[in-house]
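K.L.:
Take a look at entry01.txt, compact mmCIF, C-alpha atoms:
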# COMPACT_ATOMS: atom_id res chain seq x y z
CA MET A 1 24.17 0.65 2.72
CA PRO A 2 22.96 -2.86 3.56
CA SER A 3 24.17 -4.10 6.92
CA SER A 4 26.73 -6.90 6.86
CA ARG A 5 25.06 -10.26 7.38
CA PRO A 6 26.36 -13.82 7.90
CA TRP A 7 25.43 -14.98 4.39
CA ALA A 8 27.03 -18.37 4.97
CA ALA A 9 24.27 -19.11 7.47
CA PHE A 10 21.67 -18.31 4.82
CA ALA A 11 23.38 -20.70 2.40
CA VAL A 12 23.08 -23.52 4.94
CA ALA A 13 19.43 -22.66 5.52
CA ALA A 14 18.87 -22.66 1.77
CA LEU A 15 20.09 -26.23 1.58
CA LEU A 16 17.68 -27.19 4.34
CA LEU A 17 14.69 -25.38 2.86
CA GLY A 18 15.12 -25.45 -0.86
CA GLY A 19 17.80 -27.89 -1.88
CA CYS A 20 20.81 -26.64 -3.78
CA ALA A 21 20.06 -23.01 -4.44
CA SER A 22 20.77 -21.65 -7.89
CA PRO A 23 21.99 -18.07 -8.38
CA PRO A 24 19.20 -15.55 -7.81
CA PRO A 25 17.50 -14.27 -10.95
CA ALA A 26 18.50 -10.85 -12.11
CA GLY A 27 16.02 -8.04 -11.59
CA PRO A 28 15.85 -4.62 -13.22
CA PRO A 29 19.12 -2.66 -13.37
CA GLY A 30 19.88 -1.01 -10.05
CA GLU A 31 18.06 -3.64 -7.96
CA HIS A 32 20.27 -5.90 -5.86
CA ALA A 33 19.47 -8.37 -3.09
CA PRO A 34 21.57 -11.11 -1.49
CA GLN A 35 21.07 -14.81 -2.01
CA VAL A 36 18.93 -16.16 0.82
CA ALA A 37 17.05 -19.30 1.78
CA VAL A 38 14.00 -20.24 -0.28
CA ALA A 39 10.61 -20.91 1.33
CA GLU A 40 9.36 -24.17 -0.15
CA PRO A 41 5.63 -24.88 -0.67
CA GLY A 42 6.05 -28.50 0.38
CA SER A 43 7.52 -27.54 3.76
CA ALA A 44 3.99 -26.99 5.12
CA GLN A 45 3.22 -30.70 4.89
CA GLY A 46 3.65 -32.31 8.29
CA ALA A 47 4.71 -29.02 9.89
CA ARG A 48 4.08 -28.65 13.63
CA GLY A 49 4.39 -25.82 16.12
CA GLU A 50 3.24 -22.28 16.84
CA VAL A 51 3.59 -19.47 14.33
CA THR A 52 4.07 -15.92 15.63
CA ILE A 53 2.87 -13.10 13.35
CA CYS A 54 4.09 -9.59 14.20
CA GLY A 55 2.40 -6.50 12.86
CA VAL A 56 0.37 -3.35 13.21
CA ARG A 57 -2.61 -2.80 15.51
CA ASN A 58 -5.10 -5.63 15.08
CA THR A 59 -8.39 -4.34 13.65
CA GLY A 60 -10.04 -7.75 13.77
CA VAL A 61 -8.51 -9.43 10.74
CA PHE A 62 -5.84 -11.26 12.73
CA GLU A 63 -8.12 -12.22 15.57
CA HIS A 64 -10.26 -14.09 13.04
CA LEU A 65 -7.24 -15.49 11.21
CA THR A 66 -5.54 -16.95 14.27
CA GLN A 67 -8.77 -18.29 15.78
CA GLU A 68 -9.77 -20.11 12.62
CA PHE A 69 -6.27 -21.36 11.86
CA ASN A 70 -5.99 -22.72 15.40
CA ALA A 71 -9.38 -24.42 15.12
CA ARG A 72 -8.06 -26.47 12.20
CA GLY A 73 -5.72 -28.30 14.58
CA GLY A 74 -3.22 -30.70 13.06
CA GLY A 75 -0.45 -29.72 15.44
CA LEU A 76 -0.32 -26.13 14.20
CA SER A 77 -1.30 -22.91 15.96
CA ALA A 78 -0.76 -19.19 15.50
CA ARG A 79 -0.67 -16.04 17.61
CA TYR A 80 -0.62 -12.38 16.63
CA VAL A 81 1.65 -9.86 18.37
CA GLU A 82 0.94 -6.15 17.97
CA ILE A 83 4.28 -4.36 17.74
CA GLY A 84 2.94 -0.94 16.73
CA GLN A 85 -0.18 1.19 16.57
CA ASP A 86 0.48 2.61 13.11
CA THR A 87 2.75 1.98 10.12
CA ASP A 88 5.70 4.05 11.36
CA SER A 89 5.78 2.64 14.89
CA THR A 90 5.34 -0.90 13.57
CA ARG A 91 8.28 -0.47 11.21
CA ALA A 92 10.44 0.93 14.01
CA GLN A 93 9.67 -2.02 16.29
CA ALA A 94 10.22 -4.51 13.47
CA LEU A 95 13.61 -3.01 12.62
CA GLN A 96 14.73 -3.36 16.23
CA ARG A 97 13.99 -7.08 16.09
CA LEU A 98 15.44 -7.63 12.63
CA GLU A 99 18.65 -5.71 13.23
CA GLY A 100 19.08 -7.47 16.56
CA GLY A 101 18.73 -10.92 15.00
CA SER A 102 15.59 -11.78 16.96
CA SER A 103 13.71 -14.97 16.06
CA GLU A 104 10.55 -13.92 17.94
CA CYS A 105 8.54 -13.28 14.77
CA ASP A 106 8.10 -16.05 12.21
CA ILE A 107 5.99 -13.85 9.94
CA TYR A 108 5.95 -10.07 9.64
CA LEU A 109 2.95 -8.16 8.36
CA THR A 110 4.79 -5.84 5.98
CA ASP A 111 3.60 -2.60 4.44
CA VAL A 112 3.83 -2.64 0.65
CA THR A 113 6.54 0.06 0.74
CA TRP A 114 8.99 -2.00 2.82
CA THR A 115 9.80 -4.75 0.33
CA SER A 116 12.87 -3.19 -1.28
CA GLU A 117 14.52 -2.24 1.99
CA TRP A 118 13.93 -5.59 3.70
CA ALA A 119 15.01 -7.58 0.63
CA THR A 120 18.34 -5.76 0.35
CA GLN A 121 19.04 -6.41 4.03
CA GLY A 122 18.44 -10.16 3.74
CA TRP A 123 15.79 -10.13 6.45
CA LEU A 124 13.26 -12.26 4.54
CA LEU A 125 13.15 -15.63 2.84
CA ASP A 126 12.80 -15.80 -0.93
CA HIS A 127 9.05 -16.41 -1.45
CA SER A 128 9.16 -16.90 -5.22
CA ARG A 129 8.20 -20.57 -5.13
CA LEU A 130 5.25 -19.82 -2.84
CA THR A 131 3.89 -17.10 -5.08
CA GLU A 132 4.18 -19.23 -8.24
CA ARG A 133 1.26 -21.35 -7.01
CA HIS A 134 -1.05 -18.36 -6.67
CA ARG A 135 -0.01 -16.39 -9.75
CA ASP A 136 -3.30 -16.94 -11.57
CA GLU A 137 -5.53 -16.51 -8.51
CA LEU A 138 -4.53 -13.17 -7.03
CA MET A 139 -5.01 -9.61 -8.31
CA PRO A 140 -2.22 -8.97 -10.84
CA SER A 141 -1.25 -5.57 -9.43
CA THR A 142 -0.54 -7.00 -5.98
CA TRP A 143 2.49 -8.92 -7.23
CA GLU A 144 4.34 -5.68 -7.86
CA THR A 145 4.33 -4.96 -4.13
CA VAL A 146 6.32 -8.11 -3.25
CA ARG A 147 8.80 -8.18 -6.13
CA TYR A 148 12.34 -6.83 -6.01
CA ALA A 149 15.54 -7.79 -7.84
CA GLY A 150 13.75 -10.51 -9.80
CA ARG A 151 12.35 -12.34 -6.76
CA ASP A 152 9.28 -12.26 -4.51
CA TRP A 153 9.87 -11.42 -0.85
CA ALA A 154 6.39 -11.88 0.61
CA VAL A 155 2.90 -13.08 -0.33
CA PRO A 156 0.13 -10.47 -0.85
CA PHE A 157 -2.45 -10.65 1.96
CA TYR A 158 -4.82 -7.71 1.55
CA THR A 159 -4.60 -4.84 -0.85
CA ASN A 160 -5.88 -1.31 -1.25
CA ALA A 161 -6.32 1.47 -3.77
CA GLY A 162 -7.92 4.88 -3.42
CA LEU A 163 -11.47 5.73 -4.43
CA LEU A 164 -13.16 9.04 -5.11
CA PHE A 165 -16.33 9.29 -3.04
CA TYR A 166 -18.77 11.95 -4.18
CA ARG A 167 -22.15 13.37 -3.27
CA ALA A 168 -24.52 12.51 -6.11
CA ASP A 169 -26.88 15.31 -5.00
CA ARG A 170 -24.20 17.97 -5.60
CA VAL A 171 -21.69 16.86 -8.23
CA PRO A 172 -21.61 14.56 -11.26
CA PRO A 173 -19.56 11.35 -11.39
CA PRO A 174 -15.87 12.18 -11.89
CA THR A 175 -14.48 12.03 -15.41
CA THR A 176 -10.98 13.56 -15.06
CA TRP A 177 -9.10 15.21 -12.21
CA ARG A 178 -9.19 18.52 -14.07
CA GLU A 179 -12.97 18.28 -14.30
CA VAL A 180 -13.24 17.36 -10.62
CA TYR A 181 -11.28 20.48 -9.68
CA ALA A 182 -13.39 22.59 -12.04
CA GLN A 183 -16.60 21.31 -10.43
CA ALA A 184 -15.17 21.71 -6.94
CA GLY A 185 -14.26 25.32 -7.56
CA GLN A 186 -17.85 26.36 -8.28
CA ASP A 187 -18.83 26.66 -4.62
CA ARG A 188 -17.71 25.44 -1.20
CA SER A 189 -20.29 22.67 -1.03
CA LYS A 190 -18.64 20.96 -4.04
CA ARG A 191 -15.01 21.19 -2.97
CA VAL A 192 -12.56 18.29 -2.53
CA GLN A 193 -11.45 16.82 0.79
CA MET A 194 -8.14 14.95 0.68
CA GLN A 195 -5.06 14.10 2.74
CA ALA A 196 -2.50 16.87 2.34
CA LYS A 197 -0.54 17.30 5.55
CA ARG A 198 3.18 16.46 5.60
CA TYR A 199 3.03 12.65 5.69
CA GLU A 200 2.67 9.52 3.56
CA GLY A 201 -0.94 10.30 2.69
CA LEU A 202 0.14 13.35 0.70
CA THR A 203 2.67 11.21 -1.16
CA ALA A 204 -0.14 8.83 -2.15
CA ASN A 205 -2.43 11.68 -3.28
CA PHE A 206 0.36 13.26 -5.32
CA LEU A 207 1.39 9.97 -6.94
CA GLU A 208 -2.17 9.18 -7.99
CA LEU A 209 -2.25 12.35 -10.05
CA LEU A 210 1.35 11.97 -11.25
CA TYR A 211 0.86 8.41 -12.46
CA SER A 212 -2.37 9.31 -14.22
CA ALA A 213 -0.57 12.20 -15.94
CA GLY A 214 2.05 9.75 -17.21
CA GLY A 215 4.82 10.76 -14.82
CA SER A 216 7.09 8.83 -12.47
CA VAL A 217 9.55 9.41 -9.62
CA ILE A 218 12.21 6.72 -10.18
CA ASP A 219 12.60 4.46 -13.22
CA ASP A 220 13.57 0.77 -13.25
CA SER A 221 17.26 1.59 -13.34
CA GLY A 222 17.03 3.76 -10.23
CA ARG A 223 17.27 7.03 -12.16
CA VAL A 224 15.30 9.92 -10.67
CA THR A 225 12.67 11.07 -13.17
CA VAL A 226 10.46 13.36 -11.10
CA ASP A 227 11.81 16.60 -12.62
CA SER A 228 9.31 16.47 -15.48
CA PRO A 229 6.50 18.37 -17.21
CA GLN A 230 4.02 15.93 -15.64
CA THR A 231 5.16 16.79 -12.11
CA ARG A 232 4.85 20.49 -12.88
CA ALA A 233 1.33 20.02 -14.26
CA VAL A 234 0.22 18.04 -11.19
CA LEU A 235 1.63 20.45 -8.62
CA ARG A 236 0.24 23.40 -10.55
CA LEU A 237 -3.25 21.88 -10.52
CA MET A 238 -3.05 21.07 -6.81
CA ALA A 239 -1.73 24.50 -5.87
CA GLN A 240 -4.38 26.25 -7.96
CA GLY A 241 -6.96 24.00 -6.33
CA VAL A 242 -6.03 25.23 -2.86
CA ASP A 243 -5.86 28.86 -4.04
CA SER A 244 -9.28 28.71 -5.70
CA GLY A 245 -10.97 26.83 -2.87
CA ALA A 246 -11.53 23.72 -5.00
CA ILE A 247 -9.47 21.92 -2.34
CA ASP A 248 -10.43 22.76 1.22
CA ARG A 249 -7.37 24.58 2.62
CA ALA A 250 -7.89 22.74 5.88
CA CYS A 251 -6.73 19.63 4.01
CA LEU A 252 -3.19 20.88 4.64
CA THR A 253 -3.70 19.56 8.17
CA TYR A 254 -5.76 16.46 7.31
CA ASP A 255 -4.99 12.77 7.43
CA GLU A 256 -7.53 10.08 6.43
CA ASP A 257 -9.76 10.41 9.50
CA TYR A 258 -9.97 14.21 9.46
CA ALA A 259 -10.68 14.33 5.72
CA ARG A 260 -13.45 11.75 6.07
CA ARG A 261 -15.06 13.56 9.00
CA ALA A 262 -14.98 16.85 7.11
CA TYR A 263 -16.73 15.21 4.16
CA GLU A 264 -19.31 13.56 6.44
CA SER A 265 -20.11 16.96 7.94
CA GLY A 266 -21.41 18.12 4.56
CA SER A 267 -18.52 20.45 3.74
CA ALA A 268 -17.59 18.96 0.37
CA GLY A 269 -18.73 17.26 -2.79
CA TYR A 270 -15.72 14.95 -3.24
CA LEU A 271 -13.52 12.88 -0.93
CA ARG A 272 -10.38 11.05 -1.97
CA GLN A 273 -10.17 8.14 0.49
CA TRP A 274 -9.41 4.44 0.97
CA PRO A 275 -12.28 1.94 0.57
CA SER A 276 -12.50 1.19 4.30
CA ALA A 277 -14.14 4.62 4.75
CA HIS A 278 -17.28 3.41 2.96
CA LYS A 279 -18.85 1.74 5.98
CA LEU A 280 -18.22 4.74 8.24
CA ILE A 281 -19.62 7.20 5.69
CA SER A 282 -22.71 5.02 5.18
CA GLU A 283 -23.58 5.45 8.87
CA THR A 284 -23.76 9.26 8.59
CA SER A 285 -26.20 11.68 6.96
CA ALA A 286 -23.90 11.78 3.93
CA GLY A 287 -24.27 8.04 3.40
CA PRO A 288 -27.51 7.90 1.36
CA VAL A 289 -26.24 10.39 -1.25
CA THR A 290 -22.63 9.17 -1.41
CA ARG A 291 -21.37 7.14 -4.35
CA ALA A 292 -17.91 5.66 -4.99
CA ALA A 293 -15.91 5.92 -8.21
CA ALA A 294 -12.56 4.61 -9.35
CA LEU A 295 -9.92 7.32 -9.47
CA PRO A 296 -10.12 9.21 -12.78
CA ALA A 297 -7.53 10.11 -15.39
CA PHE A 298 -5.60 13.37 -15.05
CA ASP A 299 -7.14 14.86 -18.19
CA GLU A 300 -8.78 13.83 -21.47
CA GLY A 301 -5.48 12.65 -22.93
CA SER A 302 -4.37 10.43 -20.05
CA ARG A 303 -5.32 7.17 -18.35
CA PRO A 304 -6.67 6.50 -14.86
CA ALA A 305 -4.17 5.43 -12.21
CA ALA A 306 -4.16 4.56 -8.54
CA VAL A 307 -1.47 3.88 -5.94
CA LEU A 308 -1.31 0.46 -4.37
CA GLY A 309 -1.71 0.15 -0.63
CA GLY A 310 -2.15 -2.88 1.56
CA TRP A 311 -0.10 -5.36 3.58
CA ASN A 312 1.79 -8.54 2.81
CA LEU A 313 2.86 -11.62 4.78
CA ALA A 314 6.62 -12.21 4.86
CA ILE A 315 8.49 -15.08 6.49
CA ALA A 316 11.50 -13.87 8.44
CA ALA A 317 14.89 -15.31 7.55
CA LYS A 318 15.37 -15.99 11.28
CA SER A 319 12.13 -17.96 11.64
CA ASP A 320 12.60 -21.15 13.66
CA ASP A 321 9.76 -22.90 11.79
CA PRO A 322 9.34 -21.69 8.19
CA GLY A 323 7.25 -24.76 7.33
CA ALA A 324 4.57 -23.79 9.84
CA ALA A 325 4.76 -20.22 8.56
CA VAL A 326 4.10 -21.47 5.01
CA ALA A 327 1.03 -23.35 6.29
CA LEU A 328 -0.34 -20.18 7.89
CA ILE A 329 0.21 -18.16 4.71
CA ASP A 330 -1.50 -20.86 2.64
CA TYR A 331 -4.62 -20.52 4.78
CA ALA A 332 -4.52 -16.70 4.97
CA THR A 333 -4.44 -16.41 1.17
CA SER A 334 -7.02 -19.11 0.49
CA ALA A 335 -10.37 -18.27 -1.11
CA GLU A 336 -12.06 -19.49 2.08
CA PHE A 337 -10.39 -17.06 4.45
CA GLN A 338 -10.14 -14.18 1.97
CA LYS A 339 -13.92 -14.18 1.52
CA LYS A 340 -14.52 -14.20 5.26
CA MET A 341 -12.07 -11.32 5.65
CA VAL A 342 -13.68 -9.03 3.10
CA MET A 343 -17.22 -9.78 4.29
CA ARG A 344 -16.36 -9.13 7.94
CA THR A 345 -13.91 -6.24 7.78
CA ALA A 346 -14.18 -4.77 4.25
CA GLN A 347 -10.43 -5.25 3.80
CA ALA A 348 -9.79 -5.56 0.07
CA PRO A 349 -8.92 -9.17 -0.76
CA VAL A 350 -6.07 -10.22 -3.02
CA PHE A 351 -8.03 -13.24 -4.29
CA ALA A 352 -9.23 -11.94 -7.68
CA ALA A 353 -12.42 -13.98 -8.10
CA LEU A 354 -13.95 -12.44 -4.97
CA TYR A 355 -14.43 -9.11 -6.74
CA ASP A 356 -17.09 -10.79 -8.88
CA ASP A 357 -18.61 -12.89 -6.08
CA PRO A 358 -22.36 -12.06 -5.79
CA GLU A 359 -22.34 -12.20 -1.97
CA VAL A 360 -19.35 -9.89 -1.72
CA ARG A 361 -20.91 -7.43 -4.19
CA ALA A 362 -24.16 -7.43 -2.23
CA GLU A 363 -22.35 -6.70 1.04
CA LEU A 364 -19.90 -4.14 -0.37
CA PRO A 365 -21.41 -2.17 -3.26
CA PHE A 366 -18.16 -0.30 -3.99
CA ILE A 367 -16.31 -3.51 -4.90
CA PRO A 368 -16.67 -3.04 -8.71
CA GLN A 369 -15.14 0.44 -8.45
CA LEU A 370 -12.37 -0.83 -6.21
CA LYS A 371 -11.62 -3.59 -8.71
CA GLU A 372 -11.34 -0.98 -11.46
CA SER A 373 -8.94 1.10 -9.35
CA LEU A 374 -6.82 -1.94 -8.55
CA LEU A 375 -6.56 -2.91 -12.21
CA HIS A 376 -5.04 0.53 -12.90
CA ALA A 377 -2.96 0.67 -9.72
CA LYS A 378 0.81 1.03 -9.56
CA PRO A 379 3.25 0.60 -6.67
CA ARG A 380 4.95 3.50 -4.97
CA PRO A 381 8.56 4.14 -6.04
CA ARG A 382 10.67 1.01 -5.47
CA SER A 383 13.64 1.99 -3.36
CA PRO A 384 15.52 0.51 -0.39
CA VAL A 385 15.29 4.01 1.13
CA TYR A 386 11.62 4.54 0.35
CA ALA A 387 10.93 6.35 3.63
CA GLN A 388 13.41 9.09 2.67
CA VAL A 389 12.08 9.21 -0.89
CA SER A 390 8.53 9.67 0.36
CA ARG A 391 9.63 12.43 2.70
CA ALA A 392 11.26 14.22 -0.21
CA ILE A 393 7.97 13.99 -2.11
CA TYR A 394 5.55 15.10 0.58
CA ASP A 395 7.78 17.85 2.03
CA ASN A 396 8.19 19.54 -1.35
CA ALA A 397 4.64 18.92 -2.53
CA TYR A 398 3.40 20.52 0.68
CA GLU A 399 5.62 23.55 0.18
CA VAL A 400 4.11 24.10 -3.27
CA ILE A 401 0.43 23.48 -2.59
CA SER A 402 0.50 25.52 0.62
CA GLY A 403 1.91 28.48 -1.32
CA GLN A 404 5.28 28.58 0.45
CA THR A 405 7.23 28.07 -2.78
CA ASP A 406 6.54 28.15 -6.51
CA VAL A 407 6.06 25.12 -8.73
CA GLU A 408 9.39 25.37 -10.55
CA SER A 409 11.44 25.65 -7.34
CA GLY A 410 9.41 22.89 -5.71
CA VAL A 411 9.96 20.44 -8.57
CA ARG A 412 13.70 21.05 -8.70
CA LYS A 413 14.09 20.65 -4.95
CA MET A 414 11.93 17.51 -4.94
CA ALA A 415 14.19 15.96 -7.57
CA ALA A 416 17.34 16.98 -5.69
CA ASP A 417 15.99 15.59 -2.41
CA VAL A 418 15.01 12.28 -4.04
CA GLU A 419 18.51 12.10 -5.56
CA SER A 420 20.05 12.70 -2.12
CA ALA A 421 17.83 10.00 -0.61
CA GLN A 422 18.89 7.49 -3.27
CA GLU A 423 22.55 8.28 -2.65
CA THR A 424 22.25 7.29 1.03
CA PHE A 425 21.90 3.63 -0.02
Spell out the structure here as structure tokens.
P.N.:
Amino acid sequence: MPSSRPWAAFAVAALLLGGCASPPPAGPPGEHAPQVAVAEPGSAQGARGEVTICGVRNTGVFEHLTQEFNARGGGLSARYVEIGQDTDSTRAQALQRLEGGSSECDIYLTDVTWTSEWATQGWLLDHSRLTERHRDELMPSTWETVRYAGRDWAVPFYTNAGLLFYRADRVPPPTTWREVYAQAGQDRSKRVQMQAKRYEGLTANFLELLYSAGGSVIDDSGRVTVDSPQTRAVLRLMAQGVDSGAIDRACLTYDEDYARRAYESGSAGYLRQWPSAHKLISETSAGPVTRAAALPAFDEGSRPAAVLGGWNLAIAAKSDDPGAAVALIDYATSAEFQKKMVMRTAQAPVFAALYDDPEVRAELPFIPQLKESLLHAKPRPRSPVYAQVSRAIYDNAYEVISGQTDVESGVRKMAADVESAQETF
């Protein structure tokens, strides 16, 4: 259940930040979040002070962001604090600060799966008025990652969606997942490398197929819907893929890095991976023959689908200077910085026009395919206990595709475990 919070303090802050706050808009049935202070766009004007951003290991994006923001002057500066080396450790460190009422971090870099949990706990400001200004500029799918209970709880910063890399000298461009598996089963040099160990990566791989087959895990009312014919079809295809050799059985131990390295070694024809792998693959012997494609449909009667990844910028409810935080977010999501970010680091921008920018397309040839994937992308299941829901998915999917249980038993247990996770909130 949500922790008890001093909501009266938030009401006072709301008066300071956003005037007299009206009742929060209603979201889909089953989604509930407390009334909190509203981050106002105009609060950036005349703001002064230092903004502290807390997040995952800095891969260069935040070094550039803080340096260039600081160079603008005007009485504003920013610093980036690494609080974790990966998503799980970053979340753990963030929760310690949030639950302890720390005001150290003005802005948190939030994974797209954290929105529901953090919104229900009242840890973030309401960002709805900030996002209104950018509604027509950013990729439409990215908004789904910040929305919960009828409000926006962060601003999209950089996004992600999976691609299917393939060796053009061995296999044809992908048409459907069923055809990919059929091609991959012909011989070992055409097989698929993917992320299938017990972790979030397997959840993403499973959901990509499930969404493209027309299935879901949880509906808008919070009802568990994963016990379905679509789930059975997806797990059956994946399990048969491992049995037939279409999926490299070693994938049961692979995360992103191991799957990419196996593909680069020449052991496969296909690789399901995030776009950031493109640069690394291009520097290996597999690079010249590798092409990138948007994720395909499940079969001839379905539509393509991808799972949204990426990170958002969220102003903490305990921030001592939300106006300065708004100024930093304005710059981070501007066309100016977003273009620099994608050109330097290949992080997928949220600024939509950049996907058609000639300079960006020349530097990153997979951008058209990534745009296509993003246009078909969907968020992971929205739940305040998403971590438990994901564990229920990847534990049971692993049991099925590794041959430790049958499809029917695996689907029923997955549904029961997701139900149990939902009941903990």
K.L.:
For segment 160-176 of chain A, please output as a JSON list (two decimals) with C-alpha atoms, keeping the file's coordinate frame all residues within 7 Å (counting only C-alpha atoms; exclusion window: fewer than 6 positions along the same chain).
P.N.:
[["chain", "number", "residue", "atom", "x", "y", "z"],
["A", 190, "LYS", "CA", -18.64, 20.96, -4.04],
["A", 269, "GLY", "CA", -18.73, 17.26, -2.79],
["A", 270, "TYR", "CA", -15.72, 14.95, -3.24],
["A", 271, "LEU", "CA", -13.52, 12.88, -0.93],
["A", 272, "ARG", "CA", -10.38, 11.05, -1.97],
["A", 273, "GLN", "CA", -10.17, 8.14, 0.49],
["A", 274, "TRP", "CA", -9.41, 4.44, 0.97],
["A", 275, "PRO", "CA", -12.28, 1.94, 0.57],
["A", 289, "VAL", "CA", -26.24, 10.39, -1.25],
["A", 290, "THR", "CA", -22.63, 9.17, -1.41],
["A", 291, "ARG", "CA", -21.37, 7.14, -4.35],
["A", 292, "ALA", "CA", -17.91, 5.66, -4.99],
["A", 293, "ALA", "CA", -15.91, 5.92, -8.21],
["A", 294, "ALA", "CA", -12.56, 4.61, -9.35],
["A", 295, "LEU", "CA", -9.92, 7.32, -9.47],
["A", 296, "PRO", "CA", -10.12, 9.21, -12.78],
["A", 297, "ALA", "CA", -7.53, 10.11, -15.39],
["A", 298, "PHE", "CA", -5.60, 13.37, -15.05],
["A", 299, "ASP", "CA", -7.14, 14.86, -18.19],
["A", 300, "GLU", "CA", -8.78, 13.83, -21.47],
["A", 306, "ALA", "CA", -4.16, 4.56, -8.54],
["A", 307, "VAL", "CA", -1.47, 3.88, -5.94],
["A", 308, "LEU", "CA", -1.31, 0.46, -4.37],
["A", 309, "GLY", "CA", -1.71, 0.15, -0.63],
["A", 310, "GLY", "CA", -2.15, -2.88, 1.56],
["A", 348, "ALA", "CA", -9.79, -5.56, 0.07],
["A", 370, "LEU", "CA", -12.37, -0.83, -6.21],
["A", 373, "SER", "CA", -8.94, 1.10, -9.35],
["A", 374, "LEU", "CA", -6.82, -1.94, -8.55],
["A", 377, "ALA", "CA", -2.96, 0.67, -9.72]]
K.L.:
Point out the residue among A:Ala277, A:Val350, A:Ala39, A:Val411 with the least atom-to-atom distance to Arg129 of chain A, counting all atoms listed in the file.
P.N.:
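Result for the nearest residue to Arg129 of chain A: A:Ala39.
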K.L.:
Find the distance between atom CA of Gln96 of chain A and atom CA of Tyr148 of chain A and write it in Å to one decimal.
P.N.:
22.6 Å
K.L.:
So that I can see what lies close to segment 211-217 of chain A, please list as a CSV table (one decimal) with C-alpha atoms, in the coordinates of the input the residues with an atom at most 12 Å from it, counting all atoms listed in the file and leaving out residues fewer than 6 positions away in the same chain.
P.N.:
chain,number,residue,atom,x,y,z
A,176,THR,CA,-11.0,13.6,-15.1
A,177,TRP,CA,-9.1,15.2,-12.2
A,178,ARG,CA,-9.2,18.5,-14.1
A,203,THR,CA,2.7,11.2,-1.2
A,204,ALA,CA,-0.1,8.8,-2.2
A,205,ASN,CA,-2.4,11.7,-3.3
A,223,ARG,CA,17.3,7.0,-12.2
A,224,VAL,CA,15.3,9.9,-10.7
A,225,THR,CA,12.7,11.1,-13.2
A,226,VAL,CA,10.5,13.4,-11.1
A,227,ASP,CA,11.8,16.6,-12.6
A,228,SER,CA,9.3,16.5,-15.5
A,229,PRO,CA,6.5,18.4,-17.2
A,230,GLN,CA,4.0,15.9,-15.6
A,231,THR,CA,5.2,16.8,-12.1
A,232,ARG,CA,4.8,20.5,-12.9
A,233,ALA,CA,1.3,20.0,-14.3
A,234,VAL,CA,0.2,18.0,-11.2
A,235,LEU,CA,1.6,20.4,-8.6
A,237,LEU,CA,-3.2,21.9,-10.5
A,295,LEU,CA,-9.9,7.3,-9.5
A,296,PRO,CA,-10.1,9.2,-12.8
A,297,ALA,CA,-7.5,10.1,-15.4
A,298,PHE,CA,-5.6,13.4,-15.0
A,299,ASP,CA,-7.1,14.9,-18.2
A,300,GLU,CA,-8.8,13.8,-21.5
A,301,GLY,CA,-5.5,12.6,-22.9
A,302,SER,CA,-4.4,10.4,-20.0
A,303,ARG,CA,-5.3,7.2,-18.4
A,304,PRO,CA,-6.7,6.5,-14.9
A,305,ALA,CA,-4.2,5.4,-12.2
A,306,ALA,CA,-4.2,4.6,-8.5
A,307,VAL,CA,-1.5,3.9,-5.9
A,308,LEU,CA,-1.3,0.5,-4.4
A,373,SER,CA,-8.9,1.1,-9.4
A,376,HIS,CA,-5.0,0.5,-12.9
A,377,ALA,CA,-3.0,0.7,-9.7
A,378,LYS,CA,0.8,1.0,-9.6
A,379,PRO,CA,3.2,0.6,-6.7
A,380,ARG,CA,5.0,3.5,-5.0
A,381,PRO,CA,8.6,4.1,-6.0
A,382,ARG,CA,10.7,1.0,-5.5
A,383,SER,CA,13.6,2.0,-3.4
A,386,TYR,CA,11.6,4.5,0.4
A,389,VAL,CA,12.1,9.2,-0.9
A,390,SER,CA,8.5,9.7,0.4
A,392,ALA,CA,11.3,14.2,-0.2
A,393,ILE,CA,8.0,14.0,-2.1
A,411,VAL,CA,10.0,20.4,-8.6
A,414,MET,CA,11.9,17.5,-4.9
A,415,ALA,CA,14.2,16.0,-7.6
A,416,ALA,CA,17.3,17.0,-5.7
A,417,ASP,CA,16.0,15.6,-2.4
A,418,VAL,CA,15.0,12.3,-4.0
A,419,GLU,CA,18.5,12.1,-5.6
A,422,GLN,CA,18.9,7.5,-3.3
K.L.:
Quick one: residues within 9 Å of segment 354-364 of chain A, all atoms listed in the file, excluding same-chain residues fewer than 2 positions away - as a ChimeraX atom specification?
P.N.:
/A:278-279,335,338-339,342-343,346,348-352,366-368,370-371
K.L.:
Find, counting only C-alpha atoms, the residue in A:Ala286, A:Ala332, A:Cys54, A:Val112 that gets nearest to Ala262 of chain A.
P.N.:
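Of A:Ala286, A:Ala332, A:Cys54, A:Val112, the one nearest Ala262 of chain A, counting only C-alpha atoms, is A:Ala286.
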K.L.:
Using all atoms listed in the file, can you tell me which of A:Ser319, A:Val180, A:Glu264, A:Arg249 comes closest to Ser402 of chain A?
P.N.:
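Among the listed residues, A:Arg249 lies closest to Ser402 of chain A.
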